[in-house]
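The block underneath contains the structure these notes are about, expressed in structure tokens.
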Amino acid sequence: MDPAITFEVTALDGQARSGTLTTRRGVIETPVFMPVGTAGSVKGVRFEELEAPDLDARIILGNTYHLWLRPGIETIKACGGLHRFIGWDRALLTDSGGFQVWSLGSLRKITEEGVEFRSHLDGSLQFMSPEISMEVQAALGSDIVMVFDECAPGKAAHDEARKSMELTTRWARRSKEAFEVAQVDNLRSGLAETATQVNNLRYRQALFGIVQGATHLDLRRESLARTVEIGFDGYAIGGLSVGEEKPLMWDVTSEIAPLLPADRPRYLMGVGTPEDLVAAVALGVDMFDCVLPTRNGRTGQAFTSRGKLNIKNAQWARDARPLDQSCQCSVCLRHTRAYLRHLYLAGEMLASILLTHHNLAFFLDTMRRVRQAIRSGNFTRFRREFTEAVNSGVE
RNA sequence: GCAGGGGUGGUCGAGUGGUUAAUGGCACCGGGCUGUAAACCCGGCGGGUUCACACCCUACGCAGGUUCGAAUCCUGCCCCCUGCA
């Protein structure tokens, strides 16, 4: 079978890497930030905007759990898969539902077989397992599939974290087996796609494994070894930014990221702030996703080159400057802080849309600059200057 | 003019003798958000002194009165709404 993806590191600067990740739906330059589109939508952003040069997102996320509950896989299958359903030709990565094991902690029960969820939509009982997650993700037709893991709480004690990590390992094995079965079925049934896509889709989906183990480094190392032993197209560090202390997140990332196979993409799940992204790149991470730019955009916070700006604050009421004076995004070129604040306070949906656009532009542009810095061997200086600026405070 | 209803903190609106600086909503001010149960959640919101515990003022149209105690009861006045003339 043809490879699902190819990954080539084209520049190294310290541990920081820049490269190209080629999926069946196009080339993605790394390090890359992937906007989160949980329910089939990057909230507040049209796909045209995601594609246009201002953002130029090459890959976005979808979520297995959410799409499985609504609209359901039969609907998405009937509409030709997730890409055609949502109208997005570029790459998609689907999270497996593993994160919901943590985020919906009060609504689910974990067993060896899988997870019983009490639907957050209607309270109905739903059962998710590695096999079901793979089946759903195959139906969605995402380009990168994540194994179904248990995302344990960041503060999990050692014995709890060990049990969780071992369960995740068993689920990873089951995920891979079910994934391979689903690939054969998928190729056989040949999901209806456009002509050019059919050509590209001789490639199968890619499957990424996820390293767990909470904040316990011995468990993390063990999880890493066992995950690599199973063998995946790429490797993720999961279970961070889920309630643990920030220094512990860096302990884990700095320990594990460099140990992940160098010839495979490394994905730090759910992270993070612009400063976090740059710091993780320095540790050798290639891929990121995070809800911060979209969620915080909707809730009135802009990320800028000088740090966070709360658009609700009275101090911007008559400020005629853009959100970020060194940003070239279409929002910053056109609108003032005063106007955006007015929109937000007036409850206008355009406020969330514009703030989200700027935030994504800032995240994606930051990654462009990161790549360029690595390629030109200036990453260390870039990181120092970027971090300094981001902590200097918005004026 | 007569009859009825009503005037509460930025605003709308509860409260009809005693845990009252006064329930709620909105507005306003501030904070949070990291593989999205999130266009959401939390806090503050009469004024003054204090780092703080705390203390002192001023408040329910206006002015008197009853009472140990009044936004709540009584009297007068002012204003608003509805109906009839």
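Naming scheme: A, B, ... for chains in displayed order of the structure tokens; residues 1 onward per chain; ligands 1 onward as shown.
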
**OP:** Specify as a count of residues only all residues of chain A found within 9 Å of chain B, counting only C-alpha atoms (C1' of nucleotides).
**Re:** 42

**OP:** Determine, counting only C-alpha atoms (C1' of nucleotides), which protein, DNA and RNA residues have an atom within 12 Å of an atom of U23 of chain B; residues of the same chain fewer than 3 positions away are not included. Present the result as a list in words.
**Re:**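 Close residues of U23 of chain B: G13, A14, G15 and U20 of chain B.
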
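Note that atom C1' of U58 of chain B and atom C1' of C26 of chain B are 25.3 Å apart.
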
**OP:** Name the residues of segment 29-125 of chain A that fall into helix (DSSP H, G or I) according to DSSP on the backbone, using the chain letters and numbers of this document, as a ChimeraX atom specification.
**Re:** /A:47-51,64-69,73-78,82-86,98-103,105-107

**OP:** Looking only at strand (DSSP E or B) from DSSP on the backbone, list the matching residues of segment 51-287 of chain A as a ChimeraX atom specification.
**Re:** /A:59-63,91-95,108-110,115-118,125-128,144-146,206-211,234-237,266-268,287

Write the residues of the selection above to a file with N, CA and C atoms, as a compact mmCIF listing (two decimals), in the first residue's frame.
# COMPACT_ATOMS: atom_id res chain seq x y z
N ILE A 59 -4.38 22.74 7.10
CA ILE A 59 -5.03 21.57 7.71
C ILE A 59 -5.82 22.05 8.92
N ILE A 60 -7.01 21.52 9.06
CA ILE A 60 -7.84 21.86 10.22
C ILE A 60 -8.33 20.59 10.90
N LEU A 61 -8.85 20.75 12.10
CA LEU A 61 -9.33 19.59 12.85
C LEU A 61 -10.83 19.41 12.73
N GLY A 62 -11.23 18.17 12.93
CA GLY A 62 -12.64 17.85 13.15
C GLY A 62 -12.67 16.94 14.35
N ASN A 63 -13.84 16.71 14.91
CA ASN A 63 -13.90 15.88 16.11
C ASN A 63 -14.86 14.71 15.93
N ALA A 91 -6.40 19.44 3.85
CA ALA A 91 -6.28 18.32 4.78
C ALA A 91 -7.12 18.51 6.05
N LEU A 92 -7.55 17.39 6.58
CA LEU A 92 -8.31 17.34 7.83
C LEU A 92 -7.67 16.33 8.75
N LEU A 93 -7.59 16.70 10.01
CA LEU A 93 -7.19 15.74 11.04
C LEU A 93 -8.38 15.60 11.96
N THR A 94 -8.73 14.37 12.29
CA THR A 94 -9.83 14.20 13.23
C THR A 94 -9.32 13.69 14.56
N ASP A 95 -9.73 14.36 15.60
CA ASP A 95 -9.45 13.83 16.92
C ASP A 95 -10.43 12.69 17.17
N ARG A 108 -19.28 10.30 31.59
CA ARG A 108 -18.88 9.04 30.95
C ARG A 108 -18.34 8.03 31.97
N LYS A 109 -18.33 6.77 31.52
CA LYS A 109 -17.80 5.69 32.34
C LYS A 109 -16.83 4.90 31.48
N ILE A 110 -15.62 4.67 32.01
CA ILE A 110 -14.59 3.98 31.24
C ILE A 110 -14.55 2.49 31.61
N VAL A 115 -15.74 3.48 26.20
CA VAL A 115 -16.28 4.53 27.07
C VAL A 115 -17.76 4.71 26.81
N GLU A 116 -18.53 4.66 27.91
CA GLU A 116 -19.95 4.97 27.82
C GLU A 116 -20.12 6.46 28.05
N PHE A 117 -20.65 7.14 27.06
CA PHE A 117 -20.89 8.57 27.21
C PHE A 117 -22.38 8.82 27.40
N ARG A 118 -22.69 9.75 28.26
CA ARG A 118 -24.02 10.29 28.35
C ARG A 118 -23.98 11.50 27.40
N LEU A 125 -27.51 7.40 26.05
CA LEU A 125 -26.31 6.63 26.32
C LEU A 125 -25.64 6.25 25.01
N GLN A 126 -24.35 6.53 24.90
CA GLN A 126 -23.60 6.26 23.67
C GLN A 126 -22.33 5.53 24.02
N PHE A 127 -21.95 4.60 23.19
CA PHE A 127 -20.75 3.83 23.48
C PHE A 127 -19.68 4.04 22.40
N MET A 128 -18.51 4.48 22.86
CA MET A 128 -17.38 4.71 21.96
C MET A 128 -16.25 3.76 22.33
N ILE A 144 -5.73 12.60 8.52
CA ILE A 144 -4.97 12.07 9.66
C ILE A 144 -5.97 11.67 10.73
N VAL A 145 -5.86 10.42 11.15
CA VAL A 145 -6.74 9.83 12.15
C VAL A 145 -5.95 9.70 13.45
N MET A 146 -6.60 9.98 14.55
CA MET A 146 -5.94 9.81 15.85
C MET A 146 -6.46 8.54 16.51
N ALA A 206 -3.82 8.47 7.29
CA ALA A 206 -2.68 8.25 8.17
C ALA A 206 -3.21 8.07 9.59
N LEU A 207 -2.48 7.34 10.39
CA LEU A 207 -2.88 7.11 11.78
C LEU A 207 -1.76 7.53 12.73
N PHE A 208 -2.13 8.36 13.69
CA PHE A 208 -1.15 8.83 14.68
C PHE A 208 -1.41 8.16 16.03
N GLY A 209 -0.32 7.81 16.69
CA GLY A 209 -0.40 7.30 18.06
C GLY A 209 -0.27 8.46 19.05
N ILE A 210 -0.67 8.22 20.28
CA ILE A 210 -0.65 9.27 21.30
C ILE A 210 0.05 8.78 22.57
N VAL A 211 1.06 9.53 22.97
CA VAL A 211 1.78 9.21 24.20
C VAL A 211 1.02 9.82 25.39
N GLY A 234 2.64 8.94 12.64
CA GLY A 234 3.09 10.12 13.36
C GLY A 234 2.80 9.91 14.82
N TYR A 235 3.36 10.77 15.66
CA TYR A 235 3.21 10.57 17.10
C TYR A 235 2.82 11.87 17.79
N ALA A 236 1.88 11.71 18.71
CA ALA A 236 1.41 12.89 19.42
C ALA A 236 1.71 12.76 20.90
N ILE A 237 1.86 13.91 21.52
CA ILE A 237 1.90 13.96 22.98
C ILE A 237 0.53 14.47 23.40
N ARG A 266 5.75 15.13 14.77
CA ARG A 266 5.48 15.14 16.22
C ARG A 266 4.41 16.19 16.49
N TYR A 267 3.41 15.77 17.19
CA TYR A 267 2.22 16.59 17.35
C TYR A 267 1.93 16.78 18.83
N LEU A 268 1.95 18.02 19.28
CA LEU A 268 1.63 18.34 20.68
C LEU A 268 0.16 18.75 20.74
N MET A 287 3.69 19.89 15.02
CA MET A 287 2.27 20.14 14.77
C MET A 287 1.56 20.55 16.05

Original post:
Distance atom CA of Ala361 of chain A-atom CA of Ser330 of chain A, one decimal place?
Top reply: 8.9 Å

**OP:** With a distance cut-off of 12 Å and only C-alpha atoms (C1' of nucleotides), select the neighbouring residues of G65 of chain B, excluding the residue or stretch itself and same-chain residues fewer than 2 positions from it, and output the selection as a VMD selection string.
**Re:** chain B and resid 63 67 70 73 to 76

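Between atom CA of Arg188 of chain A and atom CA of Arg174 of chain A the separation is 21.5 Å.
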
Hey, what's within 7 Å of segment 2-11 of chain B if we count only C-alpha atoms (C1' of nucleotides) and toss same-chain stuff fewer than 2 positions away? As a PDB file with C-alpha atoms (C1' of nucleotides), in the first residue's frame, please?
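Result saved to result29.pdb:
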ATOM      1  C1'   G B  46     -24.258  54.280  46.340  1.00  0.00           C
ATOM      2  C1'   C B  60     -36.591  54.098  47.995  1.00  0.00           C
ATOM      3  C1'   G B  61     -40.539  61.753  44.454  1.00  0.00           C
ATOM      4  C1'   A B  71     -39.003  52.092  51.084  1.00  0.00           C
TER       5        A B  71
END
